[in-house]
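For reference, entry.cif is printed below; it contains mmCIF, C-alpha atoms.
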data_entry
loop_
_atom_site.label_atom_id
_atom_site.label_comp_id
_atom_site.auth_asym_id
_atom_site.auth_seq_id
_atom_site.Cartn_x
_atom_site.Cartn_y
_atom_site.Cartn_z
CA MET A 30 62.06 109.87 88.56
CA GLY A 31 59.14 107.67 89.59
CA ASN A 32 61.31 104.53 89.47
CA GLU A 33 63.94 106.24 91.59
CA SER A 34 61.39 107.16 94.26
CA GLN A 35 60.05 103.63 94.24
CA THR A 36 63.55 102.24 94.75
CA LYS A 37 64.09 104.50 97.77
CA SER A 38 60.74 103.55 99.23
CA GLU A 39 61.50 99.84 98.96
CA ALA A 40 65.16 99.91 99.93
CA VAL A 41 66.22 102.60 102.38
CA THR A 42 66.21 101.29 105.93
CA ASP A 43 66.56 102.94 109.29
CA SER A 44 68.90 100.47 110.99
CA GLY A 45 70.24 102.97 113.50
CA ALA A 46 73.43 101.54 115.00
CA THR A 47 72.44 97.95 114.28
CA PRO A 48 75.29 96.14 112.52
CA ILE A 49 75.29 94.01 109.39
CA GLY A 50 72.73 91.31 109.08
CA SER A 51 70.00 93.08 111.01
CA ASP A 52 66.41 93.33 109.91
CA SER A 53 64.73 96.71 109.75
CA SER A 54 61.50 98.04 108.40
CA ALA A 55 61.63 99.98 105.16
CA THR A 56 61.08 103.70 105.19
CA THR A 57 61.52 106.69 102.93
CA PHE A 58 63.52 109.82 103.62
CA THR A 59 65.45 112.58 101.89
CA PRO A 60 69.27 112.78 101.59
CA GLU A 61 69.27 115.20 104.52
CA GLU A 62 67.31 112.73 106.63
CA PHE A 63 69.67 109.93 105.64
CA ILE A 64 72.67 111.98 106.81
CA GLU A 65 70.91 112.76 110.08
CA ARG A 66 70.09 109.10 110.70
CA LEU A 67 73.69 108.14 109.96
CA ARG A 68 74.92 110.80 112.39
CA LYS A 69 72.62 109.40 115.08
CA ALA A 70 73.83 105.86 114.39
CA LEU A 71 77.41 107.05 114.89
CA GLN A 72 76.53 108.84 118.12
CA ARG A 73 74.80 105.77 119.53
CA ASP A 74 77.68 103.54 118.54
CA GLY A 75 80.45 105.46 120.28
CA ASP A 76 83.35 103.33 119.00
CA PHE A 77 83.81 105.00 115.63
CA PRO A 78 83.51 108.61 116.89
CA ALA A 79 86.15 107.69 119.49
CA SER A 80 88.42 106.49 116.68
CA ALA A 81 87.82 109.71 114.75
CA LYS A 82 88.76 111.65 117.90
CA VAL A 83 92.13 109.87 117.92
CA VAL A 84 92.67 110.98 114.31
CA SER A 85 91.99 114.61 115.24
CA GLU A 86 94.20 114.34 118.32
CA LEU A 87 97.12 112.99 116.29
CA ARG A 88 96.64 115.73 113.71
CA SER A 89 96.62 118.39 116.43
CA LEU A 90 99.77 116.98 118.03
CA VAL A 91 101.83 116.88 114.84
CA SER A 92 100.79 120.45 114.02
CA ASP A 93 102.44 121.66 117.24
CA THR A 94 106.19 122.21 116.89
CA LYS A 95 106.64 121.50 120.62
CA THR A 96 105.26 117.96 120.36
CA THR A 97 107.73 115.19 121.23
CA ALA A 98 108.03 111.70 119.74
CA ASN A 99 106.92 110.20 123.06
CA GLN A 100 103.67 112.21 123.03
CA VAL A 101 102.74 110.83 119.61
CA ALA A 102 103.82 107.33 120.64
CA GLU A 103 101.64 107.47 123.76
CA VAL A 104 98.51 108.23 121.71
CA ILE A 105 99.25 105.33 119.35
CA LEU A 106 99.96 102.95 122.23
CA ARG A 107 96.64 103.49 123.99
CA GLU A 108 95.46 100.57 121.89
CA PRO A 109 98.15 97.83 122.06
CA SER A 110 96.97 96.04 118.92
CA LEU A 111 97.39 99.28 116.95
CA GLY A 112 101.01 99.55 118.07
CA ILE A 113 101.77 96.03 116.88
CA ARG A 114 100.10 96.64 113.51
CA VAL A 115 102.08 99.85 113.07
CA LEU A 116 105.36 98.00 113.75
CA HIS A 117 104.37 95.28 111.28
CA LEU A 118 103.55 97.87 108.65
CA VAL A 119 106.63 100.09 109.00
CA ASN A 120 108.80 96.98 108.64
CA SER A 121 106.97 95.75 105.53
CA SER A 122 107.77 96.42 101.86
CA PHE A 123 105.57 99.52 102.13
CA TYR A 124 108.76 101.11 103.48
CA ARG A 125 111.58 98.76 102.34
CA ARG A 126 113.76 99.52 105.36
CA ALA A 127 117.32 98.21 105.56
CA LYS A 128 117.07 97.89 109.37
CA PRO A 129 113.93 96.94 111.31
CA ILE A 130 112.16 99.48 113.51
CA MET A 131 111.68 98.07 117.00
CA THR A 132 109.62 100.62 118.96
CA ILE A 133 106.83 103.09 118.25
CA SER A 134 109.00 105.98 119.45
CA GLN A 135 111.67 104.89 116.99
CA ALA A 136 109.05 104.73 114.24
CA VAL A 137 107.94 108.30 115.01
CA ILE A 138 111.52 109.54 114.72
CA GLN A 139 112.51 107.57 111.61
CA ILE A 140 109.26 107.78 109.63
CA GLY A 141 108.33 111.28 110.84
CA MET A 142 105.56 112.53 113.12
CA LYS A 143 103.10 113.63 110.45
CA PRO A 144 103.55 110.63 108.09
CA LEU A 145 103.19 108.17 110.96
CA ALA A 146 100.18 110.05 112.36
CA ASP A 147 98.48 109.85 108.94
CA LEU A 148 99.31 106.16 108.65
CA CYS A 149 97.95 105.42 112.14
CA SER A 150 94.82 107.42 111.41
CA GLY A 151 94.05 105.18 108.45
CA LEU A 152 94.56 102.07 110.59
CA VAL A 153 92.45 103.45 113.45
CA LEU A 154 89.52 104.08 111.11
CA LEU A 155 89.67 100.50 109.78
CA GLN A 156 90.09 98.70 113.12
CA LYS A 157 86.40 98.66 114.01
CA PHE A 158 85.49 96.81 110.84
CA VAL A 159 88.08 94.02 110.92
CA PRO A 160 85.79 91.51 112.74
CA VAL A 161 82.97 92.11 110.24
CA ALA A 162 85.34 91.74 107.28
CA ARG A 163 86.21 88.23 108.48
CA ARG A 164 82.66 87.16 107.60
CA GLY A 165 83.31 87.91 103.92
CA GLY A 166 80.53 88.95 101.56
CA ALA A 167 79.73 92.40 100.18
CA PHE A 168 81.11 94.23 103.21
CA ALA A 169 84.52 92.57 102.83
CA ASN A 170 84.54 93.69 99.18
CA THR A 171 83.82 97.25 100.27
CA LEU A 172 86.68 97.15 102.76
CA GLN A 173 88.91 95.68 100.06
CA GLN A 174 88.15 98.67 97.84
CA ILE A 175 89.09 101.07 100.65
CA VAL A 176 92.48 99.41 101.17
CA LEU A 177 93.12 99.32 97.41
CA THR A 178 92.19 102.99 97.01
CA SER A 179 94.48 103.91 99.91
CA LEU A 180 97.48 101.95 98.57
CA LEU A 181 96.96 103.18 95.01
CA THR A 182 96.55 106.83 96.00
CA SER A 183 99.75 106.66 98.01
CA THR A 184 101.63 105.07 95.10
CA LEU A 185 100.17 107.12 92.23
CA SER A 186 100.83 110.42 93.98
CA GLY A 187 104.52 109.68 93.47
CA GLU A 188 105.17 109.86 97.18
CA ARG A 189 106.14 106.24 97.71
CA GLU A 190 109.11 106.29 95.38
CA VAL A 191 111.97 104.22 96.70
CA SER A 192 115.29 106.02 96.78
CA LYS A 193 118.57 104.37 95.79
CA SER A 194 119.31 103.82 99.46
CA GLY A 195 116.18 101.71 99.77
CA GLY A 196 114.35 104.16 102.00
CA HIS A 197 110.79 105.42 101.87
CA LYS A 198 110.10 108.90 100.57
CA ALA A 199 108.00 110.65 103.21
CA GLY A 200 104.50 111.83 102.39
CA GLY A 201 102.71 108.80 100.94
CA GLU A 202 100.74 108.40 104.13
CA SER A 203 98.70 111.51 103.25
CA GLY A 204 97.58 109.72 100.12
CA TYR A 205 96.89 106.57 102.12
CA LEU A 206 94.60 108.37 104.57
CA ALA A 207 92.92 110.36 101.78
CA GLY A 208 92.06 107.06 100.09
CA SER A 209 90.50 105.73 103.30
CA LEU A 210 88.45 108.86 103.87
CA ARG A 211 87.30 109.04 100.25
CA GLU A 212 85.55 105.66 100.70
CA LEU A 213 84.39 106.34 104.27
CA GLY A 214 80.80 107.18 103.30
CA THR A 215 80.29 103.92 101.39
CA LEU A 216 81.85 101.89 104.21
CA LEU A 217 79.68 103.37 106.96
CA MET A 218 76.55 103.10 104.83
CA ALA A 219 77.32 99.41 104.25
CA TYR A 220 77.90 98.88 107.98
CA TYR A 221 74.97 100.79 109.49
CA PHE A 222 72.47 100.45 106.60
CA PRO A 223 73.30 97.09 104.96
CA GLN A 224 69.97 96.80 103.14
CA VAL A 225 70.54 100.15 101.45
CA TYR A 226 73.99 99.08 100.31
CA GLU A 227 72.77 95.70 99.09
CA THR A 228 70.03 97.39 97.05
CA ALA A 229 72.63 99.63 95.38
CA THR A 230 74.94 96.69 94.60
CA ARG A 231 72.09 94.62 93.14
CA ARG A 232 71.06 97.59 91.01
CA ALA A 233 74.63 97.99 89.76
CA GLU A 234 74.90 94.30 88.86
CA SER A 235 71.51 94.01 87.15
CA LYS A 236 71.79 97.24 85.13
CA HIS A 237 75.57 97.09 84.55
CA LEU A 238 76.04 100.54 86.08
CA PRO A 239 78.83 101.95 88.28
CA LEU A 240 78.12 101.31 91.97
CA GLU A 241 78.65 105.00 92.79
CA GLN A 242 75.90 105.96 90.37
CA CYS A 243 73.53 103.43 91.92
CA ILE A 244 74.28 104.64 95.44
CA LYS A 245 73.26 108.13 94.36
CA GLU A 246 70.08 106.78 92.75
CA VAL A 247 69.15 104.99 95.98
CA ILE A 248 69.98 107.63 98.66
CA GLY A 249 70.22 110.80 96.59
CA LEU A 250 73.89 111.34 97.54
CA THR A 251 77.13 110.35 95.82
CA PRO A 252 79.72 108.47 97.93
CA ILE A 253 81.90 111.61 97.82
CA GLN A 254 79.08 113.79 99.16
CA LEU A 255 78.46 111.22 101.88
CA SER A 256 82.15 111.10 102.86
CA VAL A 257 82.43 114.89 102.95
CA GLU A 258 79.41 115.09 105.26
CA LEU A 259 80.95 112.47 107.55
CA ILE A 260 84.31 114.25 107.69
CA ASP A 261 82.44 117.29 109.01
CA ALA A 262 80.28 115.23 111.37
CA LEU A 263 83.30 113.47 112.89
CA ASN A 264 85.48 116.62 113.02
CA LEU A 265 88.16 114.97 110.90
CA PRO A 266 90.96 117.13 109.39
CA PRO A 267 89.34 119.43 106.76
CA MET A 268 92.34 119.14 104.43
CA TYR A 269 91.13 115.69 103.43
CA LYS A 270 87.75 117.07 102.47
CA GLU A 271 89.57 119.40 100.05
CA ILE A 272 91.49 116.46 98.55
CA ILE A 273 88.31 114.42 98.13
CA LEU A 274 86.47 117.30 96.47
CA ALA A 275 89.48 117.91 94.21
CA SER A 276 89.29 114.28 93.07
CA GLU A 277 85.72 114.80 91.86
CA GLY A 278 86.87 117.24 89.17
CA ALA A 279 90.34 115.78 88.72
CA ASP A 280 90.25 115.98 84.91
CA LYS A 281 89.99 119.78 85.17
CA LEU A 282 92.90 120.21 87.61
CA PRO A 283 96.05 121.98 86.39
CA PRO A 284 99.12 119.82 85.65
CA PRO A 285 101.52 119.29 88.58
CA PRO A 286 104.27 121.94 88.90
CA SER A 287 107.86 121.09 88.01
CA GLY A 288 109.27 122.77 91.12
CA VAL A 289 108.26 122.91 94.77
CA ALA A 290 104.48 122.67 95.05
CA THR A 291 102.29 124.98 97.11
CA PRO A 292 99.81 123.43 99.58
CA GLN A 293 96.98 123.87 97.07
CA GLN A 294 99.04 122.25 94.33
CA GLU A 295 99.74 119.32 96.66
CA ILE A 296 96.01 118.97 97.28
CA ALA A 297 95.41 119.00 93.50
CA LYS A 298 98.12 116.36 93.03
CA LEU A 299 96.57 114.10 95.66
CA GLY A 300 93.10 114.74 94.21
CA ARG A 301 94.26 113.57 90.79
CA SER A 302 95.88 110.45 92.25
CA LEU A 303 92.80 109.74 94.39
CA SER A 304 90.53 109.92 91.36
CA ALA A 305 92.68 107.45 89.44
CA ALA A 306 92.99 105.14 92.45
CA ASN A 307 89.23 105.04 92.96
CA GLN A 308 88.57 104.14 89.32
CA ILE A 309 91.10 101.31 89.40
CA SER A 310 90.02 99.94 92.78
CA GLU A 311 86.36 99.80 91.75
CA VAL A 312 87.21 97.60 88.77
CA LEU A 313 89.36 95.30 90.90
CA SER A 314 86.97 95.01 93.85
CA THR A 315 84.03 94.22 91.57
CA GLY A 316 86.03 91.85 89.33
CA GLN A 317 84.96 93.48 86.07
CA GLY A 318 87.81 91.95 84.04
CA LYS A 319 91.00 92.96 82.26
CA ALA A 320 89.24 94.57 79.28
CA LYS A 321 87.41 96.95 81.60
CA LEU A 322 90.60 97.75 83.53
CA ASP A 323 92.46 98.46 80.27
CA THR A 324 89.70 100.91 79.32
CA VAL A 325 89.93 102.62 82.72
CA LEU A 326 93.75 102.86 82.57
CA ASN A 327 93.57 104.42 79.09
CA ARG A 328 90.97 106.91 80.32
CA ILE A 329 93.15 107.84 83.29
CA ASN A 330 96.12 108.28 80.96
CA SER A 331 94.07 110.54 78.67
CA GLN A 332 92.14 112.60 81.23
CA LEU A 333 94.53 112.82 84.17
CA LYS A 334 97.77 112.76 82.18
CA LEU A 335 99.22 109.88 84.20
CA ASP A 336 101.74 107.78 82.29
CA LEU A 337 100.19 104.53 81.03
CA LYS A 338 103.41 102.57 81.51
CA ASP A 339 103.60 103.72 85.13
CA LEU A 340 99.94 102.84 85.66
CA ASN A 341 100.52 99.30 84.35
CA SER A 342 103.55 98.97 86.60
CA VAL A 343 101.58 100.10 89.66
CA VAL A 344 98.76 97.62 88.93
CA GLY A 345 101.28 94.83 88.33
CA SER A 346 102.93 95.34 91.71
CA LEU A 347 99.60 95.65 93.53
CA PRO A 348 98.82 91.95 94.32
CA ALA A 349 102.02 91.44 96.34
CA LEU A 350 101.72 94.82 98.05
CA PHE A 351 98.05 94.27 98.87
CA LYS A 352 98.62 90.78 100.27
CA GLU A 353 101.51 91.86 102.49
CA HIS A 354 99.66 94.99 103.61
CA CYS A 355 96.59 93.00 104.68
CA SER A 356 98.82 90.58 106.54
CA SER A 357 100.63 93.45 108.28
CA ILE A 358 97.42 94.97 109.64
CA ASP A 359 95.72 91.59 110.30
CA LEU A 360 92.89 92.28 107.86
CA PRO A 361 91.57 89.17 106.05
CA LEU A 362 90.28 90.26 102.64
CA PRO A 363 89.56 88.47 99.32
CA ASP A 364 92.51 88.06 96.96
CA LEU A 365 92.69 90.29 93.90
CA PRO A 366 91.32 88.94 90.59
CA GLU A 367 93.63 86.60 88.70
CA PHE A 368 93.79 88.88 85.64
CA VAL A 369 95.82 91.47 87.59
CA THR A 370 98.90 89.25 87.33
CA ALA A 371 98.98 89.98 83.59
CA TYR A 372 100.24 93.48 84.41
CA SER A 373 103.27 92.21 86.34
CA GLU A 374 105.28 92.16 83.10
CA ALA A 375 105.11 95.97 83.11
CA ILE A 376 107.01 96.19 86.42
CA PRO A 377 110.46 97.71 85.79
CA ASP A 378 113.58 96.35 87.44
CA GLN A 379 113.45 97.37 91.07
CA VAL A 380 116.24 98.70 93.18
CA ALA A 381 117.86 95.72 94.83
CA ALA A 382 116.47 95.18 98.30
CA PRO A 383 118.92 95.41 101.19
CA ALA A 384 120.59 92.12 102.05
CA LEU A 385 118.69 90.14 104.64
CA GLN A 386 120.28 89.77 108.03
CA THR A 387 120.82 86.36 109.57
CA SER A 388 118.30 85.26 112.20
CA SER A 389 120.95 85.64 114.89
CA ASP A 390 121.80 89.18 113.80
CA GLN A 391 118.13 90.17 113.69
CA PHE A 392 117.42 88.76 117.15
CA SER A 393 120.46 90.54 118.59
CA GLN A 394 119.28 93.78 117.04
CA PHE A 395 115.81 93.35 118.56
CA VAL A 396 117.37 92.85 122.00
CA ASP A 397 119.78 95.77 121.58
CA GLU A 398 116.99 98.11 120.49
CA ILE A 399 114.78 97.09 123.42
CA ARG A 400 117.68 97.67 125.82
CA LEU A 401 118.28 101.09 124.26
CA ALA A 402 114.57 101.95 124.53
CA VAL A 403 114.68 101.19 128.26
CA GLN A 404 117.81 103.31 128.71
CA ASN A 405 116.21 106.22 126.83
CA GLY A 406 113.11 106.13 129.01
CA GLU A 407 110.65 105.41 126.19
CA PRO A 408 106.99 104.80 127.19
CA THR A 409 106.48 101.44 128.93
CA ALA A 410 103.70 100.57 126.48
CA SER A 411 106.11 101.09 123.57
CA ILE A 412 108.67 98.76 125.14
CA ILE A 413 106.02 96.11 125.88
CA THR A 414 104.82 96.34 122.27
CA SER A 415 108.43 95.84 121.09
CA VAL A 416 108.82 92.76 123.30
CA MET A 417 105.56 91.34 121.89
CA GLU A 418 106.76 92.06 118.37
CA THR A 419 110.06 90.26 119.15
CA LEU A 420 108.21 87.21 120.47
CA ALA A 421 105.95 87.21 117.38
CA TRP A 422 109.08 87.35 115.17
#
How would this structure read if it were set down as structure tokens?
Amino acid sequence: MGNESQTKSEAVTDSGATPIGSDSSATTFTPEEFIERLRKALQRDGDFPASAKVVSELRSLVSDTKTTANQVAEVILREPSLGIRVLHLVNSSFYRRAKPIMTISQAVIQIGMKPLADLCSGLVLLQKFVPVARRGGAFANTLQQIVLTSLLTSTLSGEREVSKSGGHKAGGESGYLAGSLRELGTLLMAYYFPQVYETATRRAESKHLPLEQCIKEVIGLTPIQLSVELIDALNLPPMYKEIILASEGADKLPPPPSGVATPQQEIAKLGRSLSAANQISEVLSTGQGKAKLDTVLNRINSQLKLDLKDLNSVVGSLPALFKEHCSSIDLPLPDLPEFVTAYSEAIPDQVAAPALQTSSDQFSQFVDEIRLAVQNGEPTASIITSVMETLAW
């Protein structure tokens, strides 16, 4: 107990809204005081609370049966770069579409309002940190873990299964956003209080302890507790708080139902997947080695009743998915450890991808879709984004 207090006294800093790399004087405060200081840092910043407001607005829109595709598209298109990233992502292997999606309004209709809103919410929350991630270092590793957790949760929940027609099974975006929010506390701590985060990482490395345990030893809160507090502070959808809390006791959750699941059963399912995703992503982002990952996969198989063969397959397909995903959202992150490629042998034969169109056919389709968007009176911003996407192609 004395050593823990000493660590807090030496490490915890009040950096307010000062970004990474700043110097601050050391101070000591309780977990409650740390939360309050983080809240104040967010309020002074302004950018991130504004992003969280977009998440809540999208959630509110898709909950209203009277909402139109154009209304959702207009919210997404307030930030042009977000629209382009969304178009990149919905045309990537994350969805395996036979025909490209040209406009945001088209994406809303074909992907679905709620799935696309969840996907955009995850991107909105990450946008602020892209410039900092380009510097590399510990913060880039933290962001890498968030993306990995998001992709893995989406995949492990069974919601990104590819049908025989090559389409995307709706719903995986809930897992994607849950993964982002689960790691939100660690990300914001690393951004606003870099010295605190660095102290926790050094402690984890020197004592060979899990980073989450060391974060709790330093600030008195687990990353999950921190994320839950931030979801409340930012007025983010409460459903994700339930999923995150479910992941904390995932080994005690009931097995998934064979039939149609109730909302609570869906939350339990996502909680189980989120728990597994977090364990895997921590090993990968900290480069602990194949032996450690094998141990984690066996534990997940035993405790969470997830099939080991499926787990190996998911890990094997992760490097390609991660690389393309980062490229789609323009997020430069470190490559995954080399040992991950050893799991690629576990990948089963995939459904054949749709035949690629010729360049001429693809360009003609871009032009036809833009013409159709104009005729249908889609938002001007959506059409401009489509033209920019065509030029980029």
Stretch 208-223 of chain A surroundings by only C-alpha atoms, 9 Å radius, close-in-sequence under 4 positions cut, as a PyMOL selection string: chain A and resi 41-51+67+70-71+151+154-155+158+161+167-168+171-172+174-183+203-204+227-228+241+244+251-260+269-270+272-273+303+306-307
What does the file look like for those residues with C-alpha atoms, as a PDB file, in the coordinates of the input?
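Resulting contents of part_36.pdb:
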ATOM      1  CA  VAL A  41      66.220 102.600 102.380  1.00  0.00           C
ATOM      2  CA  THR A  42      66.210 101.290 105.930  1.00  0.00           C
ATOM      3  CA  ASP A  43      66.560 102.940 109.290  1.00  0.00           C
ATOM      4  CA  SER A  44      68.900 100.470 110.990  1.00  0.00           C
ATOM      5  CA  GLY A  45      70.240 102.970 113.500  1.00  0.00           C
ATOM      6  CA  ALA A  46      73.430 101.540 115.000  1.00  0.00           C
ATOM      7  CA  THR A  47      72.440  97.950 114.280  1.00  0.00           C
ATOM      8  CA  PRO A  48      75.290  96.140 112.520  1.00  0.00           C
ATOM      9  CA  ILE A  49      75.290  94.010 109.390  1.00  0.00           C
ATOM     10  CA  GLY A  50      72.730  91.310 109.080  1.00  0.00           C
ATOM     11  CA  SER A  51      70.000  93.080 111.010  1.00  0.00           C
ATOM     12  CA  LEU A  67      73.690 108.140 109.960  1.00  0.00           C
ATOM     13  CA  ALA A  70      73.830 105.860 114.390  1.00  0.00           C
ATOM     14  CA  LEU A  71      77.410 107.050 114.890  1.00  0.00           C
ATOM     15  CA  GLY A 151      94.050 105.180 108.450  1.00  0.00           C
ATOM     16  CA  LEU A 154      89.520 104.080 111.110  1.00  0.00           C
ATOM     17  CA  LEU A 155      89.670 100.500 109.780  1.00  0.00           C
ATOM     18  CA  PHE A 158      85.490  96.810 110.840  1.00  0.00           C
ATOM     19  CA  VAL A 161      82.970  92.110 110.240  1.00  0.00           C
ATOM     20  CA  ALA A 167      79.730  92.400 100.180  1.00  0.00           C
ATOM     21  CA  PHE A 168      81.110  94.230 103.210  1.00  0.00           C
ATOM     22  CA  THR A 171      83.820  97.250 100.270  1.00  0.00           C
ATOM     23  CA  LEU A 172      86.680  97.150 102.760  1.00  0.00           C
ATOM     24  CA  GLN A 174      88.150  98.670  97.840  1.00  0.00           C
ATOM     25  CA  ILE A 175      89.090 101.070 100.650  1.00  0.00           C
ATOM     26  CA  VAL A 176      92.480  99.410 101.170  1.00  0.00           C
ATOM     27  CA  LEU A 177      93.120  99.320  97.410  1.00  0.00           C
ATOM     28  CA  THR A 178      92.190 102.990  97.010  1.00  0.00           C
ATOM     29  CA  SER A 179      94.480 103.910  99.910  1.00  0.00           C
ATOM     30  CA  LEU A 180      97.480 101.950  98.570  1.00  0.00           C
ATOM     31  CA  LEU A 181      96.960 103.180  95.010  1.00  0.00           C
ATOM     32  CA  THR A 182      96.550 106.830  96.000  1.00  0.00           C
ATOM     33  CA  SER A 183      99.750 106.660  98.010  1.00  0.00           C
ATOM     34  CA  SER A 203      98.700 111.510 103.250  1.00  0.00           C
ATOM     35  CA  GLY A 204      97.580 109.720 100.120  1.00  0.00           C
ATOM     36  CA  GLU A 227      72.770  95.700  99.090  1.00  0.00           C
ATOM     37  CA  THR A 228      70.030  97.390  97.050  1.00  0.00           C
ATOM     38  CA  GLU A 241      78.650 105.000  92.790  1.00  0.00           C
ATOM     39  CA  ILE A 244      74.280 104.640  95.440  1.00  0.00           C
ATOM     40  CA  THR A 251      77.130 110.350  95.820  1.00  0.00           C
ATOM     41  CA  PRO A 252      79.720 108.470  97.930  1.00  0.00           C
ATOM     42  CA  ILE A 253      81.900 111.610  97.820  1.00  0.00           C
ATOM     43  CA  GLN A 254      79.080 113.790  99.160  1.00  0.00           C
ATOM     44  CA  LEU A 255      78.460 111.220 101.880  1.00  0.00           C
ATOM     45  CA  SER A 256      82.150 111.100 102.860  1.00  0.00           C
ATOM     46  CA  VAL A 257      82.430 114.890 102.950  1.00  0.00           C
ATOM     47  CA  GLU A 258      79.410 115.090 105.260  1.00  0.00           C
ATOM     48  CA  LEU A 259      80.950 112.470 107.550  1.00  0.00           C
ATOM     49  CA  ILE A 260      84.310 114.250 107.690  1.00  0.00           C
ATOM     50  CA  TYR A 269      91.130 115.690 103.430  1.00  0.00           C
ATOM     51  CA  LYS A 270      87.750 117.070 102.470  1.00  0.00           C
ATOM     52  CA  ILE A 272      91.490 116.460  98.550  1.00  0.00           C
ATOM     53  CA  ILE A 273      88.310 114.420  98.130  1.00  0.00           C
ATOM     54  CA  LEU A 303      92.800 109.740  94.390  1.00  0.00           C
ATOM     55  CA  ALA A 306      92.990 105.140  92.450  1.00  0.00           C
ATOM     56  CA  ASN A 307      89.230 105.040  92.960  1.00  0.00           C
TER      57      ASN A 307
END
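If you look at atom CA of A:Leu265 and atom CA of A:Gln135, they are 26.3 Å away from each other.
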From A:Pro363, A:Leu185, A:Ala162, A:Ser110, residue lying nearest A:Leu340 [only C-alpha atoms]: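 The shortest atom-to-atom distance to A:Leu340 comes from A:Leu185.
Of the residues listed (A:Ser346, A:Ala297, A:Leu152, A:Phe77), A:Leu152 shows the shortest atom-to-atom separation from A:Ile113; distances use all atoms listed in the file.
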Expansion of the PyMOL selection byres ((chain A and resi 84) around 12) into residues, as a ChimeraX atom specification: /A:77-83,85-91,101,104-105,143,145-155,206,210,260,263-267,269
Residues within 10 Å of (92.5, 88.2, 85.7), file coords, only C-alpha atoms, listed as a ChimeraX atom specification: /A:313,316-320,322,365-372
Can you tell me, as AutoDock Vina command-line options, the centre and edge lengths (Å, one decimal) of the axis-aligned box enclosing all of stretch 316-335 of chain A's listed atoms after padding each side by 3 Å?
--center_x 92.1 --center_y 102.3 --center_z 84.0 --size_x 20.3 --size_y 27.0 --size_z 16.7
Distance criterion (all atoms listed in the file): nearest to A:Val115 out of A:Ala169, A:Ala136, A:Ala275, A:Leu282: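 Once distances to A:Val115 are computed over all atoms listed in the file, the minimum belongs to A:Ala136.
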The PyMOL selection byres ((chain A and resi 359) around 12) resolved against shown file, as a PyMOL selection string: chain A and resi 110-111+113-115+117-118+152+155-156+158-160+162-163+351-358+360-362
Among the residues A:Ala305, A:Ile138, A:Ile296, A:Val119, the one that comes closest to A:Ala98 [using all atoms listed in the file]: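 Result for the nearest residue to A:Ala98: A:Ile138.
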Distance criterion (only C-alpha atoms): nearest to A:Ala279 out of A:Pro292, A:Gln139, A:Leu335, A:Arg231: A:Leu335
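The gap separating atom CA of A:Leu299 from atom CA of A:Leu326 is 17.5 Å, in Å to one decimal.
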Å distance separating atom CA of A:Asn330 from atom CA of A:Val344, one decimal place: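 So the two atoms, atom CA of A:Asn330 and atom CA of A:Val344, lie 13.6 Å apart.
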Counting all atoms listed in the file, the option among A:Asn170, A:Arg328, A:Ala290, A:Ser186 closest to A:Ser310: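 Checking each of A:Asn170, A:Arg328, A:Ala290, A:Ser186 against A:Ser310, counting all atoms listed in the file, the winner is A:Asn170.
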Matched chain/residue IDs from the PyMOL selection byres ((chain A and resi 99) around 9), as a ChimeraX atom specification: /A:96-98,100-104,133-134,137,407-408
